[in-house]
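Pasted below: work.csv, CSV, C-alpha atoms and all ligand atoms.
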```csv
chain,number,residue,atom,x,y,z
U,28,MET,CA,-44.6,-52.9,-17.1
U,29,SER,CA,-44.0,-49.8,-19.2
U,30,GLU,CA,-43.7,-46.4,-17.5
U,31,PRO,CA,-47.1,-44.8,-16.6
U,32,LEU,CA,-48.4,-42.3,-19.1
U,33,ARG,CA,-48.0,-38.7,-18.1
U,34,VAL,CA,-51.3,-36.8,-17.7
U,35,GLY,CA,-52.1,-33.2,-17.2
U,36,VAL,CA,-55.5,-31.7,-16.4
U,37,ILE,CA,-56.8,-28.5,-17.8
U,38,GLY,CA,-59.4,-27.0,-15.4
U,39,VAL,CA,-59.5,-28.0,-11.7
U,40,GLY,CA,-63.2,-27.3,-10.9
U,41,ALA,CA,-66.0,-29.7,-9.8
U,42,VAL,CA,-65.5,-32.5,-12.3
U,43,ALA,CA,-61.7,-32.4,-12.0
U,44,GLN,CA,-62.1,-33.6,-8.4
U,45,VAL,CA,-63.9,-36.7,-9.6
U,46,HIS,CA,-61.4,-37.4,-12.4
U,47,LEU,CA,-58.4,-36.9,-10.0
U,48,GLN,CA,-60.0,-39.2,-7.4
U,49,ALA,CA,-60.8,-41.8,-10.1
U,50,TYR,CA,-57.3,-41.8,-11.6
U,51,ARG,CA,-55.7,-42.7,-8.3
U,52,GLU,CA,-56.7,-46.3,-8.9
U,53,LEU,CA,-54.8,-46.5,-12.2
U,54,PRO,CA,-51.2,-47.8,-12.3
U,55,THR,CA,-51.0,-47.1,-16.1
U,56,ILE,CA,-51.1,-43.3,-15.8
U,57,LYS,CA,-49.8,-40.6,-13.5
U,58,VAL,CA,-51.3,-37.2,-13.2
U,59,VAL,CA,-48.3,-34.8,-13.0
U,60,ALA,CA,-49.6,-31.3,-13.7
U,61,ALA,CA,-52.7,-29.1,-13.7
U,62,ALA,CA,-53.6,-25.8,-15.3
U,63,ASP,CA,-56.2,-23.3,-14.3
U,64,PRO,CA,-56.3,-19.5,-14.2
U,65,GLN,CA,-58.0,-19.5,-10.7
U,66,ALA,CA,-54.8,-19.4,-8.6
U,67,GLU,CA,-56.3,-20.2,-5.2
U,68,ARG,CA,-58.3,-23.3,-6.4
U,69,LEU,CA,-55.3,-24.4,-8.5
U,70,ALA,CA,-52.9,-24.2,-5.5
U,71,GLU,CA,-55.3,-26.2,-3.3
U,72,VAL,CA,-55.8,-29.0,-5.9
U,73,ALA,CA,-52.1,-29.1,-6.9
U,74,SER,CA,-51.1,-29.4,-3.3
U,75,SER,CA,-53.6,-32.1,-2.4
U,76,HIS,CA,-52.7,-34.2,-5.5
U,77,SER,CA,-49.0,-33.4,-5.6
U,78,LEU,CA,-49.2,-31.8,-9.1
U,79,ARG,CA,-47.1,-29.1,-10.7
U,80,ALA,CA,-49.4,-26.0,-11.2
U,81,TYR,CA,-49.7,-23.7,-14.2
U,82,ALA,CA,-51.8,-20.6,-14.8
U,83,SER,CA,-52.6,-21.7,-18.3
U,84,ALA,CA,-52.9,-24.7,-20.5
U,85,GLU,CA,-50.3,-23.2,-22.9
U,86,ALA,CA,-47.8,-22.9,-20.0
U,87,MET,CA,-48.4,-26.5,-18.9
U,88,LEU,CA,-48.1,-27.8,-22.5
U,89,ALA,CA,-44.8,-25.9,-23.0
U,90,ALA,CA,-43.2,-27.0,-19.8
U,91,GLU,CA,-44.4,-30.6,-19.4
U,92,LYS,CA,-43.9,-33.7,-21.7
U,93,LEU,CA,-47.4,-35.0,-21.5
U,94,ASP,CA,-48.9,-38.1,-23.1
U,95,ILE,CA,-52.5,-37.1,-22.3
U,96,ALA,CA,-54.3,-33.9,-21.4
U,97,CYS,CA,-57.8,-34.0,-19.9
U,98,VAL,CA,-59.9,-31.0,-20.9
U,99,LEU,CA,-62.1,-30.3,-17.8
U,100,THR,CA,-62.9,-26.7,-18.4
U,101,PRO,CA,-66.4,-25.3,-18.9
U,102,THR,CA,-67.7,-26.2,-22.4
U,103,ALA,CA,-67.1,-22.8,-23.9
U,104,ALA,CA,-63.3,-23.3,-23.4
U,105,HIS,CA,-63.1,-26.9,-24.7
U,106,GLU,CA,-62.2,-25.9,-28.3
U,107,GLU,CA,-59.3,-23.6,-27.4
U,108,ALA,CA,-57.8,-26.1,-24.9
U,109,THR,CA,-58.2,-29.1,-27.2
U,110,VAL,CA,-56.6,-27.3,-30.2
U,111,ALA,CA,-53.7,-26.2,-28.0
U,112,CYS,CA,-53.1,-29.8,-26.9
U,113,ALA,CA,-53.3,-31.0,-30.5
U,114,ARG,CA,-50.7,-28.5,-31.6
U,115,ALA,CA,-48.5,-29.6,-28.8
U,116,GLY,CA,-48.8,-33.2,-29.9
U,117,VAL,CA,-50.7,-34.3,-26.8
U,118,ASN,CA,-53.6,-36.7,-26.9
U,119,VAL,CA,-56.9,-35.2,-25.5
U,120,LEU,CA,-59.7,-36.7,-23.4
U,121,CYS,CA,-62.3,-33.9,-23.5
U,122,GLU,CA,-65.3,-33.6,-21.2
U,123,LYS,CA,-68.9,-33.4,-22.5
U,124,PRO,CA,-70.5,-31.7,-24.4
U,125,LEU,CA,-67.6,-31.7,-26.9
U,126,SER,CA,-68.5,-28.1,-27.7
U,127,ILE,CA,-71.4,-25.8,-28.2
U,128,SER,CA,-71.3,-25.6,-32.0
U,129,ILE,CA,-70.9,-28.2,-34.8
U,130,ASP,CA,-68.2,-26.1,-36.4
U,131,ALA,CA,-66.2,-26.0,-33.1
U,132,CYS,CA,-66.5,-29.8,-32.7
U,133,GLU,CA,-65.3,-30.3,-36.3
U,134,ARG,CA,-62.4,-28.0,-35.8
U,135,MET,CA,-61.4,-29.9,-32.7
U,136,ILE,CA,-61.6,-33.3,-34.5
U,137,ALA,CA,-59.7,-31.8,-37.5
U,138,ALA,CA,-56.9,-30.3,-35.3
U,139,CYS,CA,-56.3,-33.7,-33.5
U,140,ARG,CA,-56.3,-35.6,-36.8
U,141,GLU,CA,-53.9,-33.1,-38.4
U,142,HIS,CA,-51.5,-33.3,-35.5
U,143,GLY,CA,-51.8,-37.1,-35.2
U,144,VAL,CA,-53.2,-37.2,-31.7
U,145,LEU,CA,-56.2,-39.0,-30.3
U,146,LEU,CA,-59.3,-37.1,-29.3
U,147,GLY,CA,-61.4,-39.0,-26.8
U,148,TYR,CA,-64.9,-37.9,-25.9
U,149,GLY,CA,-65.9,-38.0,-22.2
U,150,ALA,CA,-69.0,-40.2,-22.6
U,151,SER,CA,-68.7,-41.2,-19.0
U,152,TYR,CA,-72.2,-42.8,-18.9
U,153,ARG,CA,-70.8,-45.5,-21.3
U,154,PHE,CA,-68.6,-46.6,-18.5
U,155,LEU,CA,-71.2,-46.8,-15.7
U,156,PRO,CA,-71.6,-50.5,-14.9
U,157,ALA,CA,-75.4,-50.4,-14.7
U,158,VAL,CA,-75.5,-48.9,-18.2
U,159,ILE,CA,-73.0,-51.5,-19.5
U,160,GLU,CA,-75.1,-54.3,-18.0
U,161,ALA,CA,-78.3,-52.8,-19.5
U,162,ARG,CA,-76.7,-52.7,-22.9
U,163,ARG,CA,-75.6,-56.4,-22.5
U,164,LEU,CA,-79.1,-57.4,-21.7
U,165,ILE,CA,-80.6,-55.4,-24.5
U,166,GLN,CA,-78.1,-56.8,-27.0
U,167,SER,CA,-78.8,-60.4,-25.8
U,168,GLY,CA,-82.4,-59.9,-26.8
U,169,ALA,CA,-83.7,-60.2,-23.2
U,170,LEU,CA,-86.0,-57.2,-23.7
U,171,GLY,CA,-87.2,-58.2,-27.1
U,172,ASP,CA,-87.4,-55.1,-29.4
U,173,VAL,CA,-86.7,-51.9,-27.5
U,174,LEU,CA,-89.6,-49.6,-28.0
U,175,LEU,CA,-88.9,-46.7,-25.7
U,176,MET,CA,-86.2,-45.2,-23.5
U,177,ARG,CA,-86.7,-42.3,-21.1
U,178,GLU,CA,-85.2,-40.2,-18.4
U,179,PHE,CA,-86.7,-37.3,-16.5
U,180,ALA,CA,-85.0,-34.8,-14.1
U,181,VAL,CA,-87.9,-32.7,-12.8
U,182,GLY,CA,-87.9,-31.1,-9.3
U,183,GLY,CA,-86.1,-28.5,-7.3
U,184,THR,CA,-87.3,-25.9,-4.9
U,185,GLY,CA,-88.8,-23.3,-7.2
U,186,PRO,CA,-87.4,-21.0,-9.9
U,187,ALA,CA,-85.1,-18.9,-7.6
U,188,HIS,CA,-83.0,-22.0,-7.0
U,189,ARG,CA,-82.3,-23.3,-10.4
U,190,GLY,CA,-78.8,-24.7,-11.1
U,191,THR,CA,-78.3,-22.4,-14.1
U,192,LEU,CA,-74.7,-22.5,-15.4
U,193,GLY,CA,-73.1,-19.1,-16.1
U,194,PRO,CA,-71.9,-17.6,-19.3
U,195,HIS,CA,-68.4,-19.0,-18.8
U,196,HIS,CA,-70.0,-22.4,-19.4
U,197,PHE,CA,-72.5,-21.4,-22.0
U,198,PRO,CA,-72.2,-17.9,-23.7
U,199,LEU,CA,-75.3,-15.7,-23.6
U,200,GLY,CA,-77.6,-16.1,-26.5
U,201,GLY,CA,-76.6,-19.7,-27.3
U,202,PRO,CA,-77.8,-23.1,-25.9
U,203,GLY,CA,-77.5,-23.0,-22.1
U,204,GLY,CA,-79.4,-23.6,-18.9
U,205,SER,CA,-79.0,-25.9,-15.9
U,206,GLY,CA,-76.5,-28.4,-14.9
U,207,MET,CA,-79.3,-30.9,-14.9
U,208,GLY,CA,-80.8,-29.6,-18.1
U,209,LEU,CA,-80.8,-30.6,-21.7
U,210,ILE,CA,-77.4,-29.4,-23.0
U,211,ASP,CA,-75.4,-30.3,-19.9
U,212,HIS,CA,-77.1,-33.6,-18.8
U,213,GLY,CA,-79.2,-34.5,-21.9
U,214,VAL,CA,-76.1,-34.7,-24.0
U,215,HIS,CA,-75.1,-37.8,-21.9
U,216,LEU,CA,-78.5,-39.5,-22.6
U,217,ILE,CA,-78.7,-38.7,-26.3
U,218,ASP,CA,-75.5,-40.7,-26.7
U,219,THR,CA,-76.4,-43.4,-24.1
U,220,PHE,CA,-79.8,-44.2,-25.6
U,221,SER,CA,-78.2,-44.6,-29.1
U,222,TRP,CA,-75.4,-46.7,-27.7
U,223,LEU,CA,-77.8,-48.9,-25.7
U,224,ILE,CA,-79.7,-50.0,-28.8
U,225,ASP,CA,-76.8,-49.6,-31.3
U,226,SER,CA,-79.0,-47.4,-33.5
U,227,PRO,CA,-78.3,-43.8,-34.7
U,228,ILE,CA,-80.8,-40.9,-34.2
U,229,ARG,CA,-83.1,-40.4,-37.3
U,230,SER,CA,-85.1,-37.3,-36.2
U,231,VAL,CA,-85.6,-35.1,-33.1
U,232,LEU,CA,-88.2,-32.8,-31.7
U,233,GLY,CA,-87.8,-30.6,-28.6
U,234,ARG,CA,-87.1,-27.4,-26.9
U,235,GLY,CA,-84.0,-26.3,-25.1
U,236,ASN,CA,-83.1,-23.3,-23.0
U,237,ILE,CA,-81.0,-20.3,-24.2
U,238,ALA,CA,-78.3,-18.9,-21.9
U,239,GLY,CA,-79.4,-15.6,-20.4
U,240,GLN,CA,-83.0,-16.0,-21.2
U,241,THR,CA,-85.9,-17.1,-18.9
U,242,GLN,CA,-85.6,-20.8,-18.3
U,243,ARG,CA,-88.5,-23.0,-19.2
U,244,PRO,CA,-89.1,-26.8,-19.1
U,245,GLU,CA,-87.0,-28.6,-21.7
U,246,PHE,CA,-87.8,-31.7,-23.6
U,247,MET,CA,-86.4,-33.8,-26.4
U,248,ALA,CA,-88.0,-36.7,-28.3
U,249,MET,CA,-85.7,-38.8,-30.5
U,250,GLU,CA,-86.6,-41.3,-33.1
U,251,PHE,CA,-83.9,-43.9,-33.8
U,252,ALA,CA,-83.2,-45.6,-37.1
U,253,ASN,CA,-84.6,-48.9,-35.7
U,254,GLY,CA,-87.9,-47.2,-34.8
U,255,ALA,CA,-87.3,-46.9,-31.1
U,256,ILE,CA,-88.2,-43.6,-29.3
U,257,GLY,CA,-86.1,-41.7,-26.7
U,258,HIS,CA,-87.6,-39.1,-24.4
U,259,LEU,CA,-85.9,-36.6,-22.1
U,260,LEU,CA,-87.7,-34.1,-19.8
U,261,TYR,CA,-86.0,-31.4,-17.7
U,262,GLU,CA,-87.1,-28.8,-15.2
U,263,ASP,CA,-85.3,-27.9,-12.0
U,264,GLY,CA,-87.3,-24.7,-11.1
U,265,THR,CA,-90.4,-26.5,-9.8
U,266,PHE,CA,-90.9,-29.0,-7.0
U,267,PRO,CA,-90.9,-32.9,-7.1
U,268,THR,CA,-94.0,-35.0,-6.8
U,269,GLU,CA,-92.2,-38.0,-5.2
U,270,LEU,CA,-93.5,-39.0,-1.8
U,271,PRO,CA,-91.2,-39.0,1.2
U,272,ALA,CA,-90.6,-42.8,1.1
U,273,GLU,CA,-89.9,-43.0,-2.6
U,274,GLY,CA,-86.2,-43.2,-3.6
U,275,HIS,CA,-83.1,-45.3,-3.3
U,276,PHE,CA,-79.8,-45.6,-1.6
U,277,SER,CA,-77.1,-44.9,-4.2
U,278,TRP,CA,-74.0,-47.1,-4.3
U,279,GLY,CA,-72.3,-44.5,-6.4
U,280,ALA,CA,-71.7,-40.8,-6.3
U,281,GLY,CA,-73.4,-38.7,-8.9
U,282,TRP,CA,-75.5,-35.8,-9.9
U,283,ASP,CA,-79.3,-35.5,-9.7
U,284,VAL,CA,-81.7,-32.6,-9.8
U,285,SER,CA,-80.8,-31.7,-6.2
U,286,GLY,CA,-77.1,-31.5,-6.9
U,287,PHE,CA,-74.1,-33.8,-6.2
U,288,VAL,CA,-74.8,-36.9,-4.1
U,289,GLU,CA,-72.1,-38.8,-2.2
U,290,PRO,CA,-72.1,-42.7,-2.4
U,291,GLY,CA,-74.3,-44.5,0.1
U,292,ASN,CA,-76.7,-41.6,0.4
U,293,TRP,CA,-80.5,-41.7,0.0
U,294,GLN,CA,-81.7,-40.2,-3.2
U,295,SER,CA,-85.4,-39.3,-3.4
U,296,GLN,CA,-85.0,-38.8,-7.2
U,297,PRO,CA,-82.3,-41.1,-8.3
U,298,GLY,CA,-81.2,-40.8,-12.0
U,299,CYS,CA,-82.8,-43.6,-13.8
U,300,ILE,CA,-83.1,-44.7,-17.4
U,301,HIS,CA,-86.3,-46.6,-18.2
U,302,VAL,CA,-86.1,-49.0,-21.1
U,303,HIS,CA,-89.3,-50.6,-22.4
U,304,GLY,CA,-89.2,-53.5,-24.8
U,305,THR,CA,-91.6,-56.1,-26.3
U,306,ALA,CA,-90.4,-58.8,-23.9
U,307,GLY,CA,-89.5,-56.8,-20.7
U,308,ALA,CA,-88.5,-53.5,-19.2
U,309,LEU,CA,-85.5,-52.2,-17.2
U,310,ARG,CA,-85.1,-49.5,-14.6
U,311,VAL,CA,-81.4,-48.6,-14.8
U,312,LEU,CA,-80.2,-46.5,-11.8
U,313,HIS,CA,-77.0,-45.5,-13.5
U,314,TYR,CA,-75.4,-43.7,-10.6
U,315,GLY,CA,-77.2,-45.8,-8.0
U,316,ASN,CA,-75.7,-49.0,-9.6
U,317,HIS,CA,-78.9,-50.9,-9.5
U,318,ILE,CA,-80.9,-52.6,-12.2
U,319,TYR,CA,-84.5,-53.9,-12.0
U,320,TRP,CA,-85.8,-56.2,-14.8
U,321,THR,CA,-89.5,-56.7,-15.3
U,322,THR,CA,-91.0,-59.4,-17.5
U,323,ARG,CA,-94.4,-61.2,-17.4
U,324,HIS,CA,-92.9,-63.4,-14.6
U,325,GLY,CA,-92.4,-60.4,-12.3
U,326,THR,CA,-89.7,-57.9,-11.3
U,327,ARG,CA,-86.3,-58.9,-10.0
U,328,GLN,CA,-83.1,-57.0,-9.1
U,329,LEU,CA,-80.0,-57.9,-11.1
U,330,PRO,CA,-76.4,-57.8,-9.8
U,331,VAL,CA,-74.4,-55.0,-11.4
U,332,PRO,CA,-70.8,-56.0,-11.8
U,333,GLY,CA,-68.3,-53.2,-11.5
U,334,PRO,CA,-67.6,-50.1,-9.4
U,335,ALA,CA,-70.1,-47.3,-9.3
U,336,MET,CA,-69.2,-43.6,-10.0
U,337,PRO,CA,-66.4,-42.5,-9.8
U,338,GLY,CA,-65.3,-45.9,-11.1
U,339,ASN,CA,-66.7,-45.1,-14.5
U,340,PHE,CA,-64.1,-42.3,-14.8
U,341,THR,CA,-61.4,-44.7,-13.9
U,342,MET,CA,-62.6,-47.1,-16.6
U,343,GLN,CA,-62.9,-44.3,-19.1
U,344,MET,CA,-59.3,-43.2,-18.6
U,345,ALA,CA,-58.0,-46.8,-18.5
U,346,ALA,CA,-59.6,-47.4,-21.9
U,347,PHE,CA,-58.3,-44.2,-23.3
U,348,ALA,CA,-54.8,-44.7,-21.9
U,349,GLU,CA,-54.7,-48.2,-23.4
U,350,ALA,CA,-55.6,-46.8,-26.8
U,351,VAL,CA,-52.8,-44.2,-26.5
U,352,ARG,CA,-50.3,-46.8,-25.4
U,353,THR,CA,-51.2,-49.3,-28.1
U,354,GLY,CA,-51.8,-46.8,-31.0
U,355,GLN,CA,-55.4,-47.9,-31.3
U,356,PRO,CA,-58.4,-45.5,-32.0
U,357,ALA,CA,-59.9,-43.8,-29.0
U,358,PRO,CA,-62.6,-46.0,-27.4
U,359,VAL,CA,-65.1,-43.2,-27.7
U,360,PRO,CA,-63.7,-40.8,-30.3
U,361,GLY,CA,-64.5,-37.1,-30.8
U,362,GLU,CA,-66.9,-38.1,-33.6
U,363,ILE,CA,-69.3,-39.5,-31.0
U,364,GLY,CA,-69.3,-36.2,-29.2
U,365,LEU,CA,-70.0,-34.5,-32.5
U,366,ALA,CA,-73.0,-36.8,-33.2
U,367,ALA,CA,-74.4,-36.0,-29.8
U,368,CYS,CA,-73.9,-32.3,-30.3
U,369,ARG,CA,-75.5,-32.4,-33.8
U,370,ALA,CA,-78.6,-34.2,-32.4
U,371,LEU,CA,-78.9,-31.8,-29.5
U,372,LEU,CA,-78.4,-28.6,-31.6
U,373,SER,CA,-80.9,-29.8,-34.1
U,374,VAL,CA,-83.6,-29.3,-31.4
U,375,TYR,CA,-82.7,-25.6,-31.5
U,376,ALA,CA,-82.6,-25.5,-35.3
U,377,ASN,CA,-86.0,-27.2,-35.5
U,378,ALA,CA,-87.4,-24.8,-32.9
U,401,LIG,N1,-69.0,-36.4,-17.2
U,401,LIG,C1,-69.7,-35.9,-16.2
U,401,LIG,O1,-70.6,-36.5,-15.6
U,401,LIG,C2,-69.6,-34.4,-15.9
U,401,LIG,C3,-70.0,-33.9,-14.7
U,401,LIG,C4,-69.8,-32.6,-14.4
U,401,LIG,C5,-69.3,-31.7,-15.3
U,401,LIG,N2,-68.9,-32.2,-16.5
U,401,LIG,C6,-68.2,-31.4,-17.6
U,401,LIG,O2,-67.0,-30.9,-17.1
U,401,LIG,C7,-66.7,-29.6,-17.6
U,401,LIG,C8,-66.3,-28.7,-16.4
U,401,LIG,O3,-67.4,-28.7,-15.5
U,401,LIG,P1,-67.2,-28.3,-14.0
U,401,LIG,O4,-68.5,-28.5,-13.3
U,401,LIG,O5,-66.0,-28.9,-13.4
U,401,LIG,O6,-66.9,-26.7,-14.1
U,401,LIG,P2,-66.3,-25.7,-13.0
U,401,LIG,O7,-66.8,-24.4,-13.3
U,401,LIG,O8,-66.6,-26.3,-11.6
U,401,LIG,O9,-64.7,-25.8,-13.2
U,401,LIG,C9,-64.1,-25.5,-14.4
U,401,LIG,C10,-62.7,-25.0,-14.1
U,401,LIG,O10,-62.1,-24.8,-15.4
U,401,LIG,C11,-61.3,-23.6,-15.2
U,401,LIG,N3,-61.0,-23.0,-16.5
U,401,LIG,C12,-61.8,-22.2,-17.3
U,401,LIG,N4,-61.2,-21.9,-18.4
U,401,LIG,C13,-60.0,-22.4,-18.4
U,401,LIG,C14,-58.9,-22.5,-19.3
U,401,LIG,N5,-59.0,-21.8,-20.5
U,401,LIG,N6,-57.8,-23.2,-19.0
U,401,LIG,C15,-57.7,-23.9,-17.8
U,401,LIG,N7,-58.7,-23.9,-16.9
U,401,LIG,C16,-59.9,-23.2,-17.2
U,401,LIG,C17,-62.1,-22.7,-14.3
U,401,LIG,O11,-61.2,-21.7,-13.7
U,401,LIG,C18,-62.6,-23.8,-13.3
U,401,LIG,O12,-61.7,-24.0,-12.2
U,401,LIG,C19,-67.9,-29.2,-18.4
U,401,LIG,O13,-67.7,-29.5,-19.7
U,401,LIG,C20,-69.0,-30.1,-17.8
U,401,LIG,O14,-70.0,-30.3,-18.8
U,401,LIG,C21,-69.0,-33.5,-16.8
```

For this file, write the structure as structure tokens.
Amino acid sequence: MSEPLRVGVIGVGAVAQVHLQAYRELPTIKVVAAADPQAERLAEVASSHSLRAYASAEAMLAAEKLDIACVLTPTAAHEEATVACARAGVNVLCEKPLSISIDACERMIAACREHGVLLGYGASYRFLPAVIEARRLIQSGALGDVLLMREFAVGGTGPAHRGTLGPHHFPLGGPGGSGMGLIDHGVHLIDTFSWLIDSPIRSVLGRGNIAGQTQRPEFMAMEFANGAIGHLLYEDGTFPTELPAEGHFSWGAGWDVSGFVEPGNWQSQPGCIHVHGTAGALRVLHYGNHIYWTTRHGTRQLPVPGPAMPGNFTMQMAAFAEAVRTGQPAPVPGEIGLAACRALLSVYANA
């Protein structure tokens, strides 16, 4: 077997913990270095994962001979880090959202193209086994024509406890809001819905929050080229309506409106994509790693082959590393992140 590819991570915050845990499973790569200006956090992560530590991406890129850099910074810093990697000739796997403006996404794609490196977009939902299985079922025709897909994240403990992300994630005056809001979470679903039915978005309607302004409920309705509808609804400054016994044990870790959930825990509001078709419907508990399939014969639970979150991050990197190794296109290229960003931002433009 060839030598493992050398990987560096840029940003060692919350999501980096998940990436680093997930990458331990992969013999094809080795994470060797990490960069983050927060010295204390960096030292802790570098020591627990045996990584060389750098105060900036530039310093890491200058000192290390990397094959891949993972951009795991807040969204506002994605462009700068990605362009720095491209200029250093390092392939980039960038977290979602690709950026907060179309122009920035285009500059990131152009820089990677110009310097001959791959830009992979972190569409981690495309690697969740329950989502992959749902797509397989939909593509097989088991649901007939898909009419509608929806996911809601509505709950919380009142407006004082919203999970609003600060200006280092989303600069004031632009799109912003909560970690379980439209720009941060909805961007996953915009792409996932389109991917589930292999149909691009034709038009959108909605309302999204602005960083620094009073947060309000967010929604987005999408019409796809094949006529299906997608619907997202977000509000984490209210209270849930679920009753105490409603919920699910989650096989995987993941995020919901109450925060981060460890595998095996009870979730009263598990993340769930509902897919409704002319011949059946699916409840896809993407992090929970469960699928329920309802037809006119009743409802049954389907086995979900594959490891739950963080296994999706393992699969995402495995696919990207294989593309780097073999000189193939990125499995989920930057253009997919641009398309999701374009659809999301058109909500703001239309408003
Ligand atoms: N795929 C998923 O399911 C998922 C889940 C959570 C977060 N995310 C994404 O991951 C990204 C990071 O989110 P997070 O929750 O880990 O944020 P975080 O605030 O917890 O961590 C970000 C880290 O990046 C560092 N940083 C900031 N600017 C930097 C720079 N220029 N160079 C190097 N390091 C820098 C910060 O010091 C911090 O340690 C965001 O884009 C977010 O949307 C994705």

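Take the candidates U:Gly40, U:Gly239, U:Gly213, U:Pro124 and check each one against Leu259 (chain U) using only C-alpha atoms; the shortest distance goes to U:Gly213.
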
| Residue contacts of Tyr50 (chain U) (10 Å, all atoms listed in the file) excluding same-chain residues fewer than 3 positions away, as a PyMOL selection string | chain U and resi 34+45-47+53-58+337-338+340-345

| said: Neighbours of ligand LIG 401 (chain U) at 6 Å or closer, counting all atoms listed in the file: which residues, as a list in words? | reply: Ile37, Gly38, Val39, Gly40, Ala41, Val42, Ala43, Ala62, Asp63, Pro64, Gln65, Ser83, Ala84, Leu99, Thr100, Pro101, Thr102, Ala104, Glu122, Lys123, Pro124, Ser151 and Asp211 of chain U

| request: Counting all atoms listed in the file, figure out which residue out of U:Leu69, U:Ile159, U:Ala80, U:Val144 gets nearest to Pro356 (chain U). | output: U:Val144

| task | Name the residues within 9 Å of (-74.9, -51.7, -13.9), counting all atoms listed in the file in the file's coordinates, and put them as an NGL selection string. | result | :U and (155-161 or 311-318 or 329-335)

For the selection you just gave me, I'd like the residues written to a file as a compact mmCIF listing (two decimals), in the coordinates of the input, keeping C-alpha atoms.
```txt
# COMPACT_ATOMS: atom_id res chain seq x y z
CA LEU U 155 -71.20 -46.80 -15.70
CA PRO U 156 -71.60 -50.50 -14.90
CA ALA U 157 -75.40 -50.40 -14.70
CA VAL U 158 -75.50 -48.90 -18.20
CA ILE U 159 -73.00 -51.50 -19.50
CA GLU U 160 -75.10 -54.30 -18.00
CA ALA U 161 -78.30 -52.80 -19.50
CA VAL U 311 -81.40 -48.60 -14.80
CA LEU U 312 -80.20 -46.50 -11.80
CA HIS U 313 -77.00 -45.50 -13.50
CA TYR U 314 -75.40 -43.70 -10.60
CA GLY U 315 -77.20 -45.80 -8.00
CA ASN U 316 -75.70 -49.00 -9.60
CA HIS U 317 -78.90 -50.90 -9.50
CA ILE U 318 -80.90 -52.60 -12.20
CA LEU U 329 -80.00 -57.90 -11.10
CA PRO U 330 -76.40 -57.80 -9.80
CA VAL U 331 -74.40 -55.00 -11.40
CA PRO U 332 -70.80 -56.00 -11.80
CA GLY U 333 -68.30 -53.20 -11.50
CA PRO U 334 -67.60 -50.10 -9.40
CA ALA U 335 -70.10 -47.30 -9.30
```

| CA of Val117 (chain U) to CA of Ile129 (chain U), distance in Å rounded to a single decimal | 22.6 Å

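The two atoms in question, CA of Pro244 (chain U) and CA of Gly200 (chain U), are spaced 17.4 Å apart.
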
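Across the structure, CA of Phe266 (chain U) and CA of Gly185 (chain U) are spaced 6.1 Å apart.
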
| said: Could you list, as a list in words, every residue within 7 Å of Pro358 (chain U), counting all atoms listed in the file and ignoring same-chain residues fewer than 2 positions away? | reply: Ala346, Phe347, Pro356 and Pro360 of chain U
